[in-house]
Amino acid sequence: RLQGDWSSDVCSSDLRALLARAQSSTGQWSATAQTSIVINGLPTLSTFKASATATVPAQPLTLTVASASDPNDSANVEMYFDVNNSGKIESAIDQKLTVTLNALGQFEAQVLTPATIGSYKYLARARDTYGAISTATLSATVVVTTPPHIDGSFDVTPGIVARGLNFTVNVNNVIDDDGTISSVSYYRDVDENGQLDPAIDKLLITDTTASNGWTQSIASTNTSLITGVNKLLAIAKDNRGISSAPALAQRSEEHTSELQSPCNLVCRLLLEKK
């Protein structure tokens with residue numbers, strides 16, 4: 001029979017000693033033999049999330065687990081791409097991802113989103129030094145979708161305006177293939193590179209009303225505009241928060257815009273001094 005104090009915490013997570021001895025028919029005891037057993041508690045993990053819940057194909061994505069713990073020792077985190085979208089980890093099927101610790105001490109995996117449109121799952125679980133796996137498997141769902149695009153012209157009327165007067169901006173035929181357009185924003189392209197650089201370019205106005213044909217009036221006194229030629233950008237955003245990809249429009253002599261390729265259009269506005 002077992003010898004030792006098992007009166008409490010018998011199922012707690014700890015290293016426990018087991019003692020055994022034999023007793024003869026005359027009541028004599030043998031020497032005590034000793035061994036040990038680990039009563040192992042399961043690891044846990046918390047807060048698994050993706051850096052974006054909706055994005056476009058083949059884009060960088062960061063997966064993060066805030067923490068993992070184990071009552072006996074330490075725990076690591078395993079992350080998987082759920083290949084068959086089953087919602088459970090199947091080691092023979094799912095793609096195991098490389099997990100590292102970031103500067104905040106969180107578990108992190110850097111991946112590219114799939115190249116095909118669809119809804120995808122990523123899974124995470126904890127494993128301790130004894131090989132025990134957490135009861136919970138956490139999941140993060142990411143929708144891979146097409147960005148919105150502007151298939152019509154980007155017009156500025158008039159193309160030359162005196163300070164103090166207003167001008168009108170408008171984009172035509174704004175489309176999202178698998179959702180809806182939530183807004184069109186107009187920017188001054190400060191560095192004139194034809195790309196939206198949020199830290200550099202100046203937002204002039206955002207239109208959230210599709211019924212007006214994405215037409216807005218802007219005051220030429222807007223402090224983000226300069227006297228002279230202003231290069232303007234139009235960016236569409238869909239209901240998932242995805243913005244149109246950069247593309248340029250062909251500028252005419254009248255400083256209006258004719259579409260060259262879809263998405264992010266550019267035209268020039270010349271502000272004249274009075």
# chains A, B, ... in the order shown; residues from 1 in each chain; ligands from 1

call {"tool": "residues_around", "arguments": {"residues": "region 211-219 of chain A", "least_positions_apart": "2", "cutoff": "10 Å", "atoms": "only C-alpha atoms", "output": "CSV table (one decimal) with all heavy atoms, in the first residue's frame"}}
result
chain,number,residue,atom,x,y,z
A,155,ASP,N,-12.8,63.6,-61.5
A,155,ASP,CA,-13.0,65.0,-62.0
A,155,ASP,C,-12.8,66.1,-61.0
A,155,ASP,O,-13.2,65.9,-59.8
A,155,ASP,CB,-14.4,65.1,-62.6
A,155,ASP,CG,-14.7,64.1,-63.7
A,155,ASP,OD1,-13.8,63.9,-64.6
A,155,ASP,OD2,-15.8,63.5,-63.7
A,156,VAL,N,-12.1,67.1,-61.4
A,156,VAL,CA,-12.0,68.3,-60.5
A,156,VAL,C,-12.5,69.5,-61.3
A,156,VAL,O,-12.1,69.8,-62.4
A,156,VAL,CB,-10.5,68.6,-60.1
A,156,VAL,CG1,-10.4,69.8,-59.3
A,156,VAL,CG2,-10.0,67.4,-59.4
A,157,THR,N,-13.5,70.2,-60.7
A,157,THR,CA,-14.2,71.3,-61.5
A,157,THR,C,-14.3,72.6,-60.6
A,157,THR,O,-14.8,72.5,-59.5
A,157,THR,CB,-15.6,70.9,-61.9
A,157,THR,OG1,-15.6,69.6,-62.6
A,157,THR,CG2,-16.2,71.9,-62.8
A,161,VAL,N,-8.6,77.4,-60.1
A,161,VAL,CA,-9.5,78.1,-59.2
A,161,VAL,C,-8.8,79.2,-58.4
A,161,VAL,O,-7.6,79.0,-58.1
A,161,VAL,CB,-10.2,77.1,-58.2
A,161,VAL,CG1,-9.2,76.4,-57.3
A,161,VAL,CG2,-11.3,77.8,-57.4
A,163,ARG,N,-8.0,81.5,-55.1
A,163,ARG,CA,-8.1,81.4,-53.7
A,163,ARG,C,-9.3,82.1,-53.2
A,163,ARG,O,-9.7,83.2,-53.6
A,163,ARG,CB,-6.9,82.0,-53.0
A,163,ARG,CG,-5.6,81.1,-53.0
A,163,ARG,CD,-5.7,80.1,-51.9
A,163,ARG,NE,-4.4,79.4,-51.8
A,163,ARG,CZ,-4.3,78.3,-51.0
A,163,ARG,NH1,-5.3,77.8,-50.3
A,163,ARG,NH2,-3.1,77.7,-50.9
A,164,GLY,N,-10.0,81.4,-52.3
A,164,GLY,CA,-11.3,81.9,-51.7
A,164,GLY,C,-12.5,81.3,-52.3
A,164,GLY,O,-13.6,81.4,-51.7
A,165,LEU,N,-12.4,80.7,-53.5
A,165,LEU,CA,-13.5,80.0,-54.1
A,165,LEU,C,-13.4,78.5,-53.9
A,165,LEU,O,-12.4,78.0,-53.5
A,165,LEU,CB,-13.5,80.3,-55.6
A,165,LEU,CG,-13.6,81.7,-56.1
A,165,LEU,CD1,-13.6,81.9,-57.6
A,165,LEU,CD2,-14.8,82.4,-55.5
A,166,ASN,N,-14.5,77.8,-54.1
A,166,ASN,CA,-14.6,76.4,-53.9
A,166,ASN,C,-14.4,75.7,-55.2
A,166,ASN,O,-14.6,76.2,-56.3
A,166,ASN,CB,-15.9,76.0,-53.3
A,166,ASN,CG,-16.1,76.5,-51.9
A,166,ASN,OD1,-15.1,77.0,-51.3
A,166,ASN,ND2,-17.2,76.3,-51.3
A,167,PHE,N,-14.0,74.4,-55.1
A,167,PHE,CA,-13.9,73.5,-56.3
A,167,PHE,C,-14.6,72.2,-55.9
A,167,PHE,O,-14.7,71.9,-54.8
A,167,PHE,CB,-12.5,73.3,-56.8
A,167,PHE,CG,-11.6,72.7,-55.8
A,167,PHE,CD1,-11.4,71.4,-55.8
A,167,PHE,CD2,-10.9,73.5,-54.9
A,167,PHE,CE1,-10.5,70.8,-54.9
A,167,PHE,CE2,-10.0,72.9,-54.0
A,167,PHE,CZ,-9.8,71.6,-54.0
A,168,THR,N,-15.0,71.5,-56.9
A,168,THR,CA,-15.7,70.2,-56.7
A,168,THR,C,-14.9,69.0,-57.2
A,168,THR,O,-14.2,69.1,-58.2
A,168,THR,CB,-17.0,70.2,-57.5
A,168,THR,OG1,-17.8,71.3,-57.0
A,168,THR,CG2,-17.8,68.9,-57.3
A,169,VAL,N,-14.8,68.0,-56.3
A,169,VAL,CA,-14.2,66.7,-56.7
A,169,VAL,C,-15.2,65.6,-56.8
A,169,VAL,O,-16.2,65.6,-56.1
A,169,VAL,CB,-13.1,66.3,-55.7
A,169,VAL,CG1,-11.9,67.3,-55.7
A,169,VAL,CG2,-13.7,66.3,-54.2
A,170,ASN,N,-15.0,64.7,-57.7
A,170,ASN,CA,-15.9,63.6,-58.0
A,170,ASN,C,-15.2,62.4,-58.6
A,170,ASN,O,-14.4,62.6,-59.5
A,170,ASN,CB,-17.1,64.1,-58.9
A,170,ASN,CG,-17.9,63.0,-59.4
A,170,ASN,OD1,-17.8,62.6,-60.6
A,170,ASN,ND2,-18.7,62.4,-58.5
A,171,VAL,N,-15.6,61.2,-58.2
A,171,VAL,CA,-15.1,60.0,-58.8
A,171,VAL,C,-16.4,59.2,-59.3
A,171,VAL,O,-17.4,59.3,-58.6
A,171,VAL,CB,-14.2,59.1,-57.9
A,171,VAL,CG1,-12.9,59.7,-57.7
A,171,VAL,CG2,-14.9,58.8,-56.6
A,172,ASN,N,-16.2,58.6,-60.4
A,172,ASN,CA,-17.4,57.9,-61.0
A,172,ASN,C,-17.1,56.4,-61.0
A,172,ASN,O,-16.0,55.9,-61.1
A,172,ASN,CB,-17.6,58.4,-62.4
A,172,ASN,CG,-17.9,59.8,-62.5
A,172,ASN,OD1,-19.0,60.2,-62.0
A,172,ASN,ND2,-17.0,60.7,-62.9
A,173,ASN,N,-18.3,55.6,-60.9
A,173,ASN,CA,-18.2,54.2,-61.0
A,173,ASN,C,-17.3,53.5,-60.0
A,173,ASN,O,-16.3,52.8,-60.4
A,173,ASN,CB,-17.8,53.8,-62.5
A,173,ASN,CG,-18.3,52.4,-62.8
A,173,ASN,OD1,-19.2,51.8,-62.2
A,173,ASN,ND2,-17.7,51.8,-63.8
A,174,VAL,N,-17.6,53.7,-58.8
A,174,VAL,CA,-16.8,53.2,-57.7
A,174,VAL,C,-17.4,51.8,-57.3
A,174,VAL,O,-18.6,51.7,-57.0
A,174,VAL,CB,-16.7,54.1,-56.4
A,174,VAL,CG1,-15.8,53.5,-55.4
A,174,VAL,CG2,-16.3,55.5,-56.8
A,183,SER,N,-16.7,54.7,-48.2
A,183,SER,CA,-16.3,56.0,-48.3
A,183,SER,C,-15.3,56.2,-49.5
A,183,SER,O,-14.7,55.3,-50.0
A,183,SER,CB,-15.6,56.5,-47.0
A,183,SER,OG,-14.4,55.8,-46.9
A,184,VAL,N,-15.2,57.5,-49.9
A,184,VAL,CA,-14.2,57.9,-50.8
A,184,VAL,C,-13.5,59.1,-50.2
A,184,VAL,O,-14.1,60.1,-49.8
A,184,VAL,CB,-14.7,58.3,-52.2
A,184,VAL,CG1,-13.6,58.9,-53.1
A,184,VAL,CG2,-15.3,57.1,-52.9
A,185,SER,N,-12.2,59.0,-50.0
A,185,SER,CA,-11.4,60.1,-49.4
A,185,SER,C,-10.5,60.8,-50.5
A,185,SER,O,-10.0,60.1,-51.3
A,185,SER,CB,-10.5,59.6,-48.3
A,185,SER,OG,-11.3,59.1,-47.2
A,186,TYR,N,-10.4,62.1,-50.3
A,186,TYR,CA,-9.6,62.9,-51.3
A,186,TYR,C,-8.4,63.5,-50.5
A,186,TYR,O,-8.6,64.1,-49.4
A,186,TYR,CB,-10.5,64.0,-51.9
A,186,TYR,CG,-11.6,63.5,-52.7
A,186,TYR,CD1,-12.9,63.3,-52.1
A,186,TYR,CD2,-11.5,63.1,-54.0
A,186,TYR,CE1,-14.0,62.8,-52.9
A,186,TYR,CE2,-12.5,62.6,-54.8
A,186,TYR,CZ,-13.8,62.5,-54.2
A,186,TYR,OH,-14.8,62.0,-54.9
A,204,LEU,N,-8.1,66.0,-47.4
A,204,LEU,CA,-8.9,67.1,-47.7
A,204,LEU,C,-10.3,67.0,-47.2
A,204,LEU,O,-10.9,67.8,-46.6
A,204,LEU,CB,-8.8,67.5,-49.2
A,204,LEU,CG,-7.5,67.8,-49.8
A,204,LEU,CD1,-7.6,68.0,-51.3
A,204,LEU,CD2,-6.8,69.0,-49.1
A,205,ILE,N,-10.9,65.8,-47.6
A,205,ILE,CA,-12.3,65.5,-47.2
A,205,ILE,C,-12.6,64.1,-47.4
A,205,ILE,O,-12.0,63.4,-48.3
A,205,ILE,CB,-13.3,66.4,-48.0
A,205,ILE,CG1,-14.7,66.5,-47.4
A,205,ILE,CG2,-13.3,66.0,-49.5
A,205,ILE,CD1,-15.6,67.6,-47.9
A,206,THR,N,-13.5,63.5,-46.7
A,206,THR,CA,-14.0,62.1,-46.8
A,206,THR,C,-15.5,62.2,-47.1
A,206,THR,O,-16.2,62.8,-46.3
A,206,THR,CB,-13.7,61.3,-45.6
A,206,THR,OG1,-12.3,61.2,-45.5
A,206,THR,CG2,-14.3,59.9,-45.8
A,207,ASP,N,-15.9,61.5,-48.1
A,207,ASP,CA,-17.3,61.4,-48.5
A,207,ASP,C,-17.8,60.0,-48.1
A,207,ASP,O,-17.3,59.0,-48.6
A,207,ASP,CB,-17.5,61.6,-50.0
A,207,ASP,CG,-18.9,61.8,-50.5
A,207,ASP,OD1,-19.8,61.6,-49.6
A,207,ASP,OD2,-19.1,62.1,-51.7
A,208,THR,N,-18.9,60.0,-47.3
A,208,THR,CA,-19.4,58.7,-46.8
A,208,THR,C,-20.9,58.5,-47.4
A,208,THR,O,-21.6,57.6,-46.9
A,208,THR,CB,-19.5,58.6,-45.3
A,208,THR,OG1,-20.2,59.7,-44.8
A,208,THR,CG2,-18.1,58.7,-44.7
A,209,THR,N,-21.2,59.4,-48.3
A,209,THR,CA,-22.6,59.3,-48.9
A,209,THR,C,-22.6,59.0,-50.3
A,209,THR,O,-22.2,59.8,-51.2
A,209,THR,CB,-23.3,60.7,-48.7
A,209,THR,OG1,-23.2,61.1,-47.3
A,209,THR,CG2,-24.8,60.6,-49.1
A,221,THR,N,-9.4,77.6,-49.7
A,221,THR,CA,-8.6,78.2,-48.6
A,221,THR,C,-8.2,77.1,-47.6
A,221,THR,O,-7.5,77.4,-46.6
A,221,THR,CB,-9.6,79.1,-47.8
A,221,THR,OG1,-10.8,78.5,-47.5
A,221,THR,CG2,-9.8,80.4,-48.7
A,222,ASN,N,-8.5,75.8,-47.9
A,222,ASN,CA,-8.0,74.7,-47.1
A,222,ASN,C,-6.5,74.8,-46.9
A,222,ASN,O,-5.7,74.9,-47.9
A,222,ASN,CB,-8.4,73.4,-47.8
A,222,ASN,CG,-8.1,72.2,-46.9
A,222,ASN,OD1,-7.1,72.0,-46.4
A,222,ASN,ND2,-9.2,71.4,-46.7
A,223,THR,N,-6.0,74.8,-45.7
A,223,THR,CA,-4.6,75.0,-45.4
A,223,THR,C,-3.7,73.9,-45.9
A,223,THR,O,-2.5,74.0,-45.9
A,223,THR,CB,-4.4,75.2,-43.9
A,223,THR,OG1,-4.9,74.0,-43.2
A,223,THR,CG2,-5.1,76.4,-43.4
A,225,LEU,N,-3.8,72.9,-48.9
A,225,LEU,CA,-3.5,73.2,-50.3
A,225,LEU,C,-2.5,74.3,-50.4
A,225,LEU,O,-2.5,75.2,-49.6
A,225,LEU,CB,-4.8,73.6,-51.0
A,225,LEU,CG,-5.9,72.5,-51.1
A,225,LEU,CD1,-7.2,73.1,-51.6
A,225,LEU,CD2,-5.5,71.3,-52.0
A,236,ALA,N,-10.8,54.9,-52.5
A,236,ALA,CA,-12.1,54.3,-52.0
A,236,ALA,C,-11.8,53.3,-50.9
A,236,ALA,O,-10.8,52.6,-50.9
A,236,ALA,CB,-12.8,53.6,-53.2

call {"tool": "closest_residue", "arguments": {"among": "A:Tyr187, A:Phe48, A:Tyr120, A:Tyr80", "to": "Ala234 (chain A)", "atoms": "only C-alpha atoms"}}
result
A:Tyr187

call {"tool": "closest_residue", "arguments": {"among": "A:His149, A:Lys237, A:Lys202, A:Arg127", "to": "Asp70 (chain A)", "atoms": "only C-alpha atoms"}}
result
A:Arg127

call {"tool": "atom_distance", "arguments": {"atom1": "CA of Thr44 (chain A)", "atom2": "CA of Asp128 (chain A)"}}
result
9.1 Å

call {"tool": "select_by_dssp", "arguments": {"residues": "region 49-229 of chain A", "states": "strand (DSSP E or B)", "output": "PyMOL selection string"}}
result
chain A and resi 49-50+54-55+60-69+75-81+95-96+100-101+107-112+118-128+133+138-144+149-150+154-157+160-162+166-171+174-175+181-188+202-207+215-219+228-229

call {"tool": "closest_residue", "arguments": {"among": "A:Thr129, A:Thr62, A:Thr141, A:Thr227", "to": "Ala75 (chain A)", "atoms": "only C-alpha atoms"}}
result
A:Thr129

call {"tool": "closest_residue", "arguments": {"among": "A:Thr100, A:Thr113, A:Gln106, A:Ser46", "to": "Ser139 (chain A)", "atoms": "only C-alpha atoms"}}
result
A:Ser46

call {"tool": "residues_around", "arguments": {"residues": "Asp177 (chain A)", "least_positions_apart": "5", "cutoff": "10 Å", "atoms": "only C-alpha atoms", "output": "number ranges by chain"}}
result
A: 145-149, 238

call {"tool": "atom_distance", "arguments": {"atom1": "CA of Val143 (chain A)", "atom2": "CA of Asp201 (chain A)"}}
result
28.6 Å

call {"tool": "residues_around", "arguments": {"residues": "region 188-191 of chain A", "least_positions_apart": "2", "cutoff": "7 Å", "atoms": "only C-alpha atoms", "output": "list in words"}}
result
Asn193, Gly194, Ile200, Asp201, Lys202, Leu203, Leu204, Asn230, Lys231, Leu232 and Leu233 of chain A

call {"tool": "closest_residue", "arguments": {"among": "A:Ala68, A:Ala210, A:Ile150, A:Ala162", "to": "Ser244 (chain A)", "atoms": "only C-alpha atoms"}}
result
A:Ile150
